[in-house]
>>> print(open('upload05.txt').read())   # compact mmCIF, C-alpha atoms
# COMPACT_ATOMS: atom_id res chain seq x y z
CA MET A 1 0.00 0.00 0.00
CA SER A 2 1.41 3.43 -0.93
CA ARG A 3 2.19 5.89 1.84
CA SER A 4 -0.24 8.45 0.36
CA LEU A 5 -3.11 5.99 0.33
CA ARG A 6 -2.28 4.65 3.79
CA LEU A 7 -2.24 8.13 5.33
CA LEU A 8 -5.50 9.12 3.68
CA PHE A 9 -7.30 6.13 5.15
CA MET A 10 -5.72 6.61 8.57
CA LEU A 11 -6.92 10.22 8.59
CA THR A 12 -10.45 9.40 7.53
CA GLY A 13 -10.97 6.40 9.72
CA LEU A 14 -12.04 4.66 6.44
CA THR A 15 -10.86 3.17 5.07
CA SER A 16 -15.14 16.31 -9.08
CA LEU A 17 -14.07 17.83 -12.64
CA LEU A 18 -16.25 20.04 -14.58
CA GLY A 19 -19.03 21.92 -12.79
CA CYS A 20 -22.15 21.01 -14.79
CA SER A 21 -25.73 21.75 -13.81
CA PRO A 22 -28.27 19.03 -14.64
CA ALA A 23 -31.93 19.71 -14.00
CA PRO A 24 -32.93 18.15 -10.65
CA SER A 25 -35.71 15.60 -10.34
CA SER A 26 -37.62 14.61 -7.22
CA LYS A 27 -36.41 11.80 -4.99
CA ALA A 28 -39.40 9.66 -6.01
CA GLU A 29 -38.55 10.06 -9.71
CA ALA A 30 -34.86 9.31 -9.37
CA PRO A 31 -33.72 6.19 -11.25
CA GLU A 32 -31.73 3.52 -9.46
CA TRP A 33 -27.96 3.29 -9.44
CA THR A 34 -26.35 0.77 -11.79
CA LEU A 35 -22.89 -0.70 -11.25
CA VAL A 36 -21.43 -0.25 -14.72
CA GLY A 37 -18.12 -1.75 -13.60
CA GLU A 38 -17.09 -3.49 -10.41
CA ARG A 39 -14.13 -5.46 -9.12
CA LEU A 40 -11.92 -3.73 -11.68
CA ASP A 41 -8.20 -4.48 -11.52
CA SER A 42 -7.57 -1.05 -10.00
CA ALA A 43 -9.54 1.31 -7.81
CA LEU A 44 -10.95 4.40 -9.52
CA ILE A 45 -10.33 7.66 -7.66
CA SER A 46 -11.65 10.54 -9.79
CA ILE A 47 -14.24 11.12 -12.51
CA CYS A 48 -15.26 14.11 -14.64
CA GLY A 49 -16.25 15.04 -18.15
CA SER A 50 -17.85 17.57 -20.46
CA SER A 51 -20.93 15.55 -21.49
CA GLU A 52 -22.48 12.11 -21.19
CA SER A 53 -20.40 11.14 -24.22
CA ASP A 54 -17.10 12.52 -22.92
CA VAL A 55 -16.32 11.04 -19.51
CA TRP A 56 -12.93 10.42 -17.88
CA ALA A 57 -12.15 8.20 -14.87
CA VAL A 58 -8.70 7.57 -13.37
CA GLY A 59 -7.22 5.52 -10.58
CA GLY A 60 -4.41 3.42 -9.20
CA ASP A 61 -1.34 1.97 -10.81
CA ARG A 62 -1.94 -1.60 -12.00
CA GLY A 63 1.79 -2.33 -12.16
CA SER A 64 2.11 -1.24 -15.77
CA GLY A 65 0.73 2.24 -15.22
CA PRO A 66 -2.37 3.99 -13.88
CA LEU A 67 -5.88 3.02 -14.89
CA VAL A 68 -7.32 5.65 -17.25
CA LEU A 69 -10.77 5.17 -18.80
CA HIS A 70 -12.56 7.28 -21.39
CA TYR A 71 -16.23 6.89 -22.38
CA ASP A 72 -17.32 8.40 -25.71
CA GLY A 73 -21.03 7.65 -25.51
CA THR A 74 -20.63 4.32 -27.31
CA SER A 75 -17.90 2.39 -25.48
CA PHE A 76 -15.20 2.56 -22.83
CA GLU A 77 -11.51 2.68 -23.76
CA ARG A 78 -8.45 2.13 -21.61
CA LEU A 79 -5.61 4.51 -22.38
CA GLU A 80 -1.93 4.06 -21.58
CA THR A 81 -0.23 7.17 -20.23
CA GLY A 82 3.37 6.02 -20.56
CA THR A 83 3.91 6.80 -16.86
CA THR A 84 3.68 4.94 -13.55
CA GLY A 85 2.10 5.77 -10.21
CA ASP A 86 -1.45 6.33 -8.99
CA LEU A 87 -3.49 9.16 -10.51
CA TRP A 88 -5.57 11.01 -7.94
CA TRP A 89 -7.48 13.57 -9.99
CA VAL A 90 -8.67 14.42 -13.48
CA PHE A 91 -9.91 17.82 -14.64
CA GLY A 92 -10.61 18.86 -18.20
CA PHE A 93 -12.22 21.27 -20.61
CA ALA A 94 -14.82 20.66 -23.31
CA GLY A 95 -12.86 19.93 -26.48
CA GLY A 96 -9.69 19.47 -24.41
CA PRO A 97 -7.19 19.49 -23.00
CA VAL A 98 -7.60 17.17 -20.00
CA PHE A 99 -5.21 17.30 -17.02
CA PHE A 100 -4.28 14.42 -14.69
CA GLY A 101 -2.41 14.61 -11.38
CA GLY A 102 -0.93 11.98 -9.10
CA ALA A 103 2.08 10.34 -7.52
CA ASN A 104 5.71 11.25 -8.18
CA GLY A 105 4.82 14.88 -8.84
CA THR A 106 3.15 13.78 -12.07
CA ILE A 107 0.89 16.11 -14.03
CA LEU A 108 -0.18 14.95 -17.47
CA ARG A 109 -1.94 16.87 -20.22
CA TYR A 110 -3.96 14.94 -22.81
CA GLU A 111 -4.62 16.72 -26.07
CA ALA A 112 -5.10 15.63 -29.68
CA GLY A 113 -4.88 11.99 -28.66
CA GLU A 114 -1.50 12.29 -26.89
CA PHE A 115 -0.34 12.39 -23.26
CA ALA A 116 2.40 14.86 -22.35
CA LYS A 117 4.14 14.84 -18.98
CA LEU A 118 4.55 18.43 -17.82
CA PRO A 119 7.58 19.70 -15.86
CA THR A 120 6.77 20.21 -12.17
CA PRO A 121 8.73 21.65 -9.23
CA SER A 122 9.13 18.27 -7.48
CA GLU A 123 8.91 14.53 -8.11
CA SER A 124 8.70 13.63 -4.40
CA VAL A 125 5.13 14.85 -3.89
CA THR A 126 1.62 13.68 -4.77
CA ILE A 127 -0.87 15.88 -6.60
CA PHE A 128 -4.30 15.24 -5.06
CA GLY A 129 -6.34 18.00 -6.72
CA LEU A 130 -6.50 20.06 -9.92
CA TRP A 131 -8.73 22.93 -11.02
CA GLY A 132 -8.60 25.86 -13.39
CA THR A 133 -10.52 28.46 -15.34
CA ALA A 134 -8.66 27.80 -18.60
CA PRO A 135 -5.97 25.45 -19.95
CA ASP A 136 -3.35 28.12 -19.28
CA SER A 137 -4.64 29.06 -15.82
CA MET A 138 -4.55 26.01 -13.56
CA TRP A 139 -4.03 25.08 -9.90
CA ALA A 140 -2.54 21.90 -8.39
CA VAL A 141 -2.49 21.00 -4.68
CA GLY A 142 -1.09 18.11 -2.70
CA ALA A 143 1.56 17.12 -0.19
CA ALA A 144 4.92 15.45 0.21
CA ASP A 145 5.10 11.77 -0.64
CA GLY A 146 3.07 10.04 2.06
CA GLY A 147 0.52 12.85 2.36
CA GLY A 148 1.19 13.77 6.01
CA SER A 149 3.05 17.02 5.51
CA GLY A 150 4.49 19.36 2.96
CA ALA A 151 1.24 20.92 1.72
CA PHE A 152 1.77 22.91 -1.46
CA ALA A 153 -0.04 24.86 -4.14
CA TRP A 154 1.26 25.24 -7.70
CA ARG A 155 0.13 27.44 -10.58
CA PHE A 156 0.28 26.81 -14.32
CA ALA A 157 0.22 29.59 -16.91
CA GLY A 158 0.68 27.51 -20.03
CA GLU A 159 4.43 26.96 -19.88
CA GLU A 160 5.43 25.34 -16.60
CA TRP A 161 4.13 24.59 -13.11
CA VAL A 162 5.57 26.84 -10.41
CA PRO A 163 4.91 27.31 -6.68
CA ALA A 164 2.01 29.67 -6.06
CA GLU A 165 3.35 33.08 -5.09
CA GLY A 166 2.49 34.02 -1.51
CA PHE A 167 1.38 30.55 -0.42
CA PRO A 168 1.75 30.37 3.41
CA ALA A 169 5.25 29.02 4.03
CA ASP A 170 4.41 27.69 7.50
CA LEU A 171 1.42 25.63 6.38
CA GLY A 172 3.22 22.59 5.00
CA ALA A 173 4.98 21.43 8.16
CA ASP A 174 2.14 19.15 9.29
CA LYS A 175 -0.64 19.52 6.70
CA ALA A 176 -1.70 18.08 3.37
CA LEU A 177 -4.00 19.66 0.82
CA TRP A 178 -6.47 17.31 -0.83
CA LYS A 179 -8.47 19.41 -3.28
CA VAL A 180 -8.87 22.85 -4.88
CA TRP A 181 -11.84 24.54 -6.58
CA GLY A 182 -12.91 28.06 -7.43
CA SER A 183 -15.66 30.21 -8.86
CA ALA A 184 -13.24 32.59 -10.62
CA GLU A 185 -9.57 33.54 -10.81
CA ASN A 186 -9.93 35.60 -7.61
CA ASP A 187 -12.13 33.21 -5.61
CA VAL A 188 -10.41 29.88 -4.98
CA TRP A 189 -10.59 27.48 -2.00
CA LEU A 190 -7.97 24.88 -1.07
CA VAL A 191 -8.94 22.24 1.54
CA GLY A 192 -7.08 19.53 3.41
CA THR A 193 -6.17 17.84 6.67
CA ALA A 194 -7.23 19.01 10.12
CA GLY A 195 -10.00 21.20 8.73
CA THR A 196 -7.61 23.30 6.67
CA ALA A 197 -9.39 25.74 4.33
CA ILE A 198 -7.35 28.38 2.50
CA HIS A 199 -8.89 31.14 0.39
CA TYR A 200 -7.17 32.90 -2.49
CA ASP A 201 -8.73 36.26 -3.45
CA GLY A 202 -6.49 37.11 -6.37
CA ALA A 203 -4.05 39.05 -4.23
CA GLY A 204 -3.10 36.63 -1.46
CA PHE A 205 -4.02 33.70 0.76
CA GLN A 206 -6.05 33.63 3.96
CA ALA A 207 -5.99 30.44 6.05
CA ASP A 208 -9.03 29.24 7.99
CA ASN A 209 -9.93 26.16 10.04
CA VAL A 210 -13.16 24.29 9.47
CA GLY A 211 -14.62 21.15 10.94
CA GLY A 212 -13.03 20.88 14.35
CA GLY A 213 -9.89 19.23 13.07
CA GLU A 214 -11.44 16.69 10.69
CA SER A 215 -10.11 16.43 7.14
CA LEU A 216 -11.98 18.16 4.33
CA PHE A 217 -11.49 15.89 1.33
CA THR A 218 -13.25 17.66 -1.52
CA VAL A 219 -14.57 21.14 -2.28
CA HIS A 220 -16.81 22.12 -5.19
CA TYR A 221 -18.65 25.22 -6.38
CA GLY A 222 -22.07 25.84 -7.92
CA GLY A 223 -25.08 28.12 -7.59
CA GLY A 224 -23.17 30.86 -5.79
CA ARG A 225 -21.76 28.69 -3.02
CA PHE A 226 -18.90 26.38 -2.12
CA VAL A 227 -19.54 23.02 -0.45
CA ALA A 228 -16.83 20.97 1.26
CA VAL A 229 -17.20 17.42 2.62
CA GLY A 230 -15.09 15.26 4.88
CA GLY A 231 -15.03 13.60 8.26
CA GLY A 232 -14.03 10.15 9.42
CA GLY A 233 -16.64 7.72 10.67
CA THR A 234 -19.26 10.47 10.53
CA GLY A 235 -19.62 12.63 7.45
CA LEU A 236 -19.36 16.41 7.59
CA ILE A 237 -20.79 18.93 5.09
CA TYR A 238 -19.87 22.61 5.16
CA GLU A 239 -21.20 25.42 3.00
CA ASN A 240 -19.86 28.88 2.22
CA ARG A 241 -22.07 31.41 0.44
CA GLY A 242 -19.52 34.20 0.85
CA SER A 243 -19.90 34.90 4.56
CA GLY A 244 -17.91 32.03 6.06
CA TRP A 245 -18.20 28.27 6.44
CA GLN A 246 -21.27 26.81 8.13
CA ARG A 247 -22.01 23.17 8.92
CA VAL A 248 -25.19 22.15 7.08
CA ASP A 249 -25.50 18.34 7.22
CA GLY A 250 -27.65 18.30 10.36
CA GLU A 251 -27.68 14.53 10.88
CA ASP A 252 -25.49 11.46 11.23
CA LEU A 253 -24.07 10.65 7.82
CA SER A 254 -21.52 8.11 6.65
CA GLY A 255 -17.99 9.42 6.15
CA LEU A 256 -17.92 11.52 2.98
CA VAL A 257 -15.14 11.91 0.40
CA GLY A 258 -16.55 13.40 -2.83
CA VAL A 259 -19.04 16.19 -3.61
CA HIS A 260 -20.61 17.82 -6.66
CA VAL A 261 -22.72 20.99 -6.42
CA VAL A 262 -25.43 21.47 -9.04
CA ASP A 263 -27.02 24.77 -8.02
CA ALA A 264 -28.01 26.91 -5.02
CA ASP A 265 -29.91 24.15 -3.21
CA HIS A 266 -29.05 20.92 -4.95
CA ALA A 267 -25.89 18.84 -4.56
CA TYR A 268 -24.61 15.28 -4.15
CA ALA A 269 -21.94 13.60 -2.02
CA VAL A 270 -20.47 10.10 -1.80
CA GLY A 271 -18.26 8.26 0.61
CA ARG A 272 -17.62 5.32 2.84
CA PHE A 273 -18.99 1.88 1.88
CA GLY A 274 -20.87 3.24 -1.13
CA ALA A 275 -22.66 6.00 0.77
CA PHE A 276 -24.72 8.40 -1.37
CA VAL A 277 -26.05 11.66 0.08
CA GLU A 278 -28.30 14.11 -1.73
CA GLU A 279 -29.33 17.70 -1.00
CA ARG A 280 -32.66 19.14 -2.08
CA GLU A 281 -34.05 22.46 -0.90
CA THR A 282 -31.21 22.86 1.63
CA THR A 283 -31.83 19.46 3.27
CA TRP A 284 -29.28 16.65 3.01
CA PHE A 285 -30.41 13.04 3.26
CA GLU A 286 -28.66 9.70 2.86
CA GLY A 287 -30.09 7.04 0.58
CA ASP A 288 -31.61 3.91 2.08
CA GLU A 289 -29.23 1.70 0.10
CA ASN A 290 -25.54 2.17 -0.58
CA VAL A 291 -24.09 2.19 -4.08
CA GLY A 292 -22.23 -1.11 -3.82
CA THR A 293 -19.94 -1.84 -0.89
CA GLU A 294 -16.69 -0.07 -1.79
CA THR A 295 -15.85 3.47 -0.72
CA LEU A 296 -16.79 6.04 -3.38
CA HIS A 297 -14.16 8.72 -3.81
CA SER A 298 -15.61 11.03 -6.50
CA ILE A 299 -18.97 11.98 -8.03
CA TRP A 300 -19.77 14.00 -11.14
CA ALA A 301 -23.09 15.16 -12.64
CA ASP A 302 -23.22 15.40 -16.41
CA PRO A 303 -25.19 18.18 -18.20
CA GLU A 304 -27.93 15.72 -19.18
CA GLY A 305 -28.71 14.87 -15.54
CA GLY A 306 -26.77 11.62 -15.18
CA LEU A 307 -24.70 10.92 -12.07
CA TRP A 308 -21.36 9.13 -12.25
CA ALA A 309 -19.47 7.87 -9.18
CA VAL A 310 -16.20 5.96 -8.78
CA GLY A 311 -14.34 4.25 -5.98
CA GLY A 312 -12.75 1.03 -4.85
CA GLN A 313 -10.56 -0.52 -2.20
CA LEU A 314 -7.77 1.94 -1.63
CA ASP A 315 -6.37 0.47 1.60
CA VAL A 316 -4.36 -2.23 -0.18
CA ARG A 317 -1.44 -2.10 -2.60
CA PRO A 318 -2.08 -1.99 -5.44
CA PRO A 319 -5.53 -0.40 -4.94
CA VAL A 320 -8.09 -2.77 -6.42
CA ARG A 321 -11.79 -3.62 -6.74
CA GLY A 322 -12.54 -0.52 -8.78
CA VAL A 323 -16.17 0.57 -9.08
CA LEU A 324 -17.92 2.80 -11.61
CA ALA A 325 -21.62 3.50 -10.98
CA TYR A 326 -24.23 5.48 -12.92
CA ARG A 327 -27.68 6.88 -12.14
CA GLY A 328 -29.73 8.41 -14.93
CA THR A 329 -31.77 7.80 -18.05
CA HIS A 330 -28.87 7.14 -20.46
CA PRO A 331 -26.82 4.31 -18.93
CA PRO A 332 -23.39 3.78 -20.52
CA GLN A 333 -23.15 1.21 -23.29
CA GLY A 334 -20.58 -1.56 -23.45
CA ALA A 335 -18.43 -3.21 -20.81
CA ILE A 336 -15.32 -1.70 -19.25
CA PRO A 337 -12.33 -3.46 -20.84
>>> encode(input="upload05.txt", output="structure tokens")
Amino acid sequence: MSRSLRLLFMLTGLTSLLGCSPAPSSKAEAPEWTLVGERLDSALISICGSSESDVWAVGGDRGSGPLVLHYDGTSFERLETGTTGDLWWVFGFAGGPVFFGGANGTILRYEAGEFAKLPTPSESVTIFGLWGTAPDSMWAVGAADGGGSGAFAWRFAGEEWVPAEGFPADLGADKALWKVWGSAENDVWLVGTAGTAIHYDGAGFQADNVGGGESLFTVHYGGGRFVAVGGGGTGLIYENRGSGWQRVDGEDLSGLVGVHVVDADHAYAVGRFGAFVEERETTWFEGDENVGTETLHSIWADPEGGLWAVGGQLDVRPPVRGVLAYRGTHPPQGAIP
């Protein structure tokens, strides 16, 4: 088991992506989840896309390289990156390019059918999160190899990745950053261990603490608000509409890892043992049945209203038993190779 994976599961007790806005339907009308793929040879860790016919999912290293899947609306394809090490996040733009981040300081860019490994400031770190407003304006966050310390933030302006200017130098001693997301160039949140939440306003960084010391694993934006999820045995959901972070879950939930915000009062989260949590009209509720039995790490809502979630067993090496699940009216065609 890799040090990064081991630390993540120790911290959680467990062990997103393009921001699209599908039209919500009522709980009674919601279709059931379908396990499109299960017991895959590697866990899947992140999923995103631009449409129901352009979906990317990435995960652990199978020994010959990380698992990378692309769905084009007709079939799934496995792609070889030419690199090794787990991939922790995928983030792309309609029409490309698509960025991938993971172990060994690896950041890949996929464009015109080719993977390119981009120069980064260090090969002894893991990139856990990526986000950007444009292909030449990107963020990457993560930590030193092992994930327990060395939190960092990098910027990309089209040529090379460099450390983010003004990032708090004293933060990295005992923290990791898991994810980053923003609403604009001057409104970006970075979240991580021990309730770390750092805001970038275009001029500088302001550190905050959220969640009473519990990790915040994912942050996402939609409908004028940020939502962050985390926790260990019990899930935590925090919301920020511009006036500070407020806890909004209001009930005992399973530990949460991934979140996708649709609009001002509609969002989804996933987590431990296939947990699926949905928000409607500011109320969060957990489904009666889990989506499989493996921990779900990431969820994405496509523009047509379909939900895609991925996960697997990340507490072993290599991470295995990958899961890809779908809920919607246009289930994917074909088997995962």
>>> atom_distance(input="upload05.txt", atom1="atom CA of Ala267 of chain A", atom2="atom CA of Arg280 of chain A")
7.2 Å
>>> atom_distance(input="upload05.txt", atom1="atom CA of Asp61 of chain A", atom2="atom CA of Val219 of chain A")
24.8 Å
>>> atom_distance(input="upload05.txt", atom1="atom CA of Glu52 of chain A", atom2="atom CA of Val261 of chain A")
17.2 Å
>>> closest_residue(input="upload05.txt", among="A:Gly255, A:Gly230, A:Gly211, A:Gly37", to="Pro331 of chain A", atoms="all atoms listed in the file")
A:Gly37
>>> residues_around(input="upload05.txt", residues="Val248 of chain A", least_positions_apart="6", cutoff="10 Å", atoms="all atoms listed in the file", output="number ranges by chain")
A: 227, 236-240, 282-284
>>> residues_around(input="upload05.txt", residues="Asp208 of chain A", least_positions_apart="3", cutoff="10 Å", atoms="only C-alpha atoms", output="list in words")
Val191, Gly195, Thr196, Ala197, Ile198, His199, Phe205, Gly244 and Trp245 of chain A
>>> closest_residue(input="upload05.txt", among="A:Tyr326, A:Phe167, A:Tyr71, A:Trp161", to="Gly305 of chain A", atoms="only C-alpha atoms")
A:Tyr326
>>> residues_around(input="upload05.txt", residues="Phe285 of chain A", least_positions_apart="2", cutoff="12 Å", atoms="only C-alpha atoms", output="ChimeraX atom specification")
/A:27,235,237,248-254,266-270,275-283,287-289
>>> closest_residue(input="upload05.txt", among="A:Gly222, A:Pro97, A:Gly182, A:Gly73", to="Asp201 of chain A", atoms="all atoms listed in the file")
A:Gly182
>>> residues_around(input="upload05.txt", residues="Val141 of chain A", least_positions_apart="4", cutoff="6 Å", atoms="all atoms listed in the file", output="list of chain:residue names")
A:Ile127, A:Gly129, A:Phe152, A:Ala153, A:Leu177
>>> residues_around(input="upload05.txt", residues="segment 112-115 of chain A", least_positions_apart="2", cutoff="12 Å", atoms="all atoms listed in the file", output="short mmCIF file (atom, residue, chain, number, x, y, z; two decimals) with C-alpha atoms, keeping the file's coordinate frame")
data_model
loop_
_atom_site.label_atom_id
_atom_site.label_comp_id
_atom_site.auth_asym_id
_atom_site.auth_seq_id
_atom_site.Cartn_x
_atom_site.Cartn_y
_atom_site.Cartn_z
CA VAL A 68 -7.32 5.65 -17.25
CA HIS A 70 -12.56 7.28 -21.39
CA LEU A 79 -5.61 4.51 -22.38
CA GLU A 80 -1.93 4.06 -21.58
CA THR A 81 -0.23 7.17 -20.23
CA GLY A 82 3.37 6.02 -20.56
CA THR A 83 3.91 6.80 -16.86
CA GLY A 95 -12.86 19.93 -26.48
CA GLY A 96 -9.69 19.47 -24.41
CA PRO A 97 -7.19 19.49 -23.00
CA VAL A 98 -7.60 17.17 -20.00
CA PHE A 99 -5.21 17.30 -17.02
CA PHE A 100 -4.28 14.42 -14.69
CA THR A 106 3.15 13.78 -12.07
CA ILE A 107 0.89 16.11 -14.03
CA LEU A 108 -0.18 14.95 -17.47
CA ARG A 109 -1.94 16.87 -20.22
CA TYR A 110 -3.96 14.94 -22.81
CA LYS A 117 4.14 14.84 -18.98
CA LEU A 118 4.55 18.43 -17.82
#
>>> build_atoms(input="upload05.txt", residues="segment 318-337 of chain A", atoms="N, CA and C atoms", output="mmCIF file, in the coordinates of the input")
data_model
loop_
_atom_site.group_PDB
_atom_site.id
_atom_site.type_symbol
_atom_site.label_atom_id
_atom_site.label_comp_id
_atom_site.auth_asym_id
_atom_site.auth_seq_id
_atom_site.Cartn_x
_atom_site.Cartn_y
_atom_site.Cartn_z
ATOM 1 N N PRO A 318 -1.513 -3.184 -4.818
ATOM 2 C CA PRO A 318 -2.080 -1.990 -5.440
ATOM 3 C C PRO A 318 -3.552 -1.825 -5.110
ATOM 4 N N PRO A 319 -4.101 -0.605 -5.198
ATOM 5 C CA PRO A 319 -5.530 -0.400 -4.940
ATOM 6 C C PRO A 319 -6.357 -1.140 -5.979
ATOM 7 N N VAL A 320 -7.354 -1.881 -5.520
ATOM 8 C CA VAL A 320 -8.090 -2.770 -6.420
ATOM 9 C C VAL A 320 -9.597 -2.606 -6.252
ATOM 10 N N ARG A 321 -10.340 -3.550 -6.849
ATOM 11 C CA ARG A 321 -11.790 -3.620 -6.740
ATOM 12 C C ARG A 321 -12.454 -2.320 -7.168
ATOM 13 N N GLY A 322 -11.997 -1.783 -8.284
ATOM 14 C CA GLY A 322 -12.540 -0.520 -8.780
ATOM 15 C C GLY A 322 -14.021 -0.623 -9.099
ATOM 16 N N VAL A 323 -14.726 0.483 -8.855
ATOM 17 C CA VAL A 323 -16.170 0.570 -9.080
ATOM 18 C C VAL A 323 -16.475 1.805 -9.901
ATOM 19 N N LEU A 324 -17.364 1.662 -10.887
ATOM 20 C CA LEU A 324 -17.920 2.800 -11.610
ATOM 21 C C LEU A 324 -19.430 2.619 -11.623
ATOM 22 N N ALA A 325 -20.158 3.586 -11.081
ATOM 23 C CA ALA A 325 -21.620 3.500 -10.980
ATOM 24 C C ALA A 325 -22.264 4.670 -11.700
ATOM 25 N N TYR A 326 -23.498 4.449 -12.173
ATOM 26 C CA TYR A 326 -24.230 5.480 -12.920
ATOM 27 C C TYR A 326 -25.683 5.493 -12.474
ATOM 28 N N ARG A 327 -26.245 6.710 -12.389
ATOM 29 C CA ARG A 327 -27.680 6.880 -12.140
ATOM 30 C C ARG A 327 -28.218 7.909 -13.114
ATOM 31 N N GLY A 328 -29.179 7.489 -13.941
ATOM 32 C CA GLY A 328 -29.730 8.410 -14.930
ATOM 33 C C GLY A 328 -30.518 7.653 -15.972
ATOM 34 N N THR A 329 -30.921 8.376 -17.020
ATOM 35 C CA THR A 329 -31.770 7.800 -18.050
ATOM 36 C C THR A 329 -31.002 7.340 -19.285
ATOM 37 N N HIS A 330 -29.687 7.571 -19.315
ATOM 38 C CA HIS A 330 -28.870 7.140 -20.460
ATOM 39 C C HIS A 330 -27.674 6.335 -19.962
ATOM 40 N N PRO A 331 -27.915 5.117 -19.473
ATOM 41 C CA PRO A 331 -26.820 4.310 -18.930
ATOM 42 C C PRO A 331 -25.741 4.054 -19.987
ATOM 43 N N PRO A 332 -24.479 4.018 -19.563
ATOM 44 C CA PRO A 332 -23.390 3.780 -20.520
ATOM 45 C C PRO A 332 -23.529 2.432 -21.224
ATOM 46 N N GLN A 333 -23.085 2.418 -22.473
ATOM 47 C CA GLN A 333 -23.150 1.210 -23.290
ATOM 48 C C GLN A 333 -21.783 0.505 -23.268
ATOM 49 N N GLY A 334 -21.824 -0.805 -23.344
ATOM 50 C CA GLY A 334 -20.580 -1.560 -23.450
ATOM 51 C C GLY A 334 -19.936 -1.797 -22.107
ATOM 52 N N ALA A 335 -19.120 -2.842 -22.042
ATOM 53 C CA ALA A 335 -18.430 -3.210 -20.810
ATOM 54 C C ALA A 335 -17.107 -2.446 -20.700
ATOM 55 N N ILE A 336 -16.634 -2.309 -19.468
ATOM 56 C CA ILE A 336 -15.320 -1.700 -19.250
ATOM 57 C C ILE A 336 -14.251 -2.744 -19.545
ATOM 58 N N PRO A 337 -13.337 -2.457 -20.451
ATOM 59 C CA PRO A 337 -12.330 -3.460 -20.840
ATOM 60 C C PRO A 337 -11.312 -3.714 -19.718
#
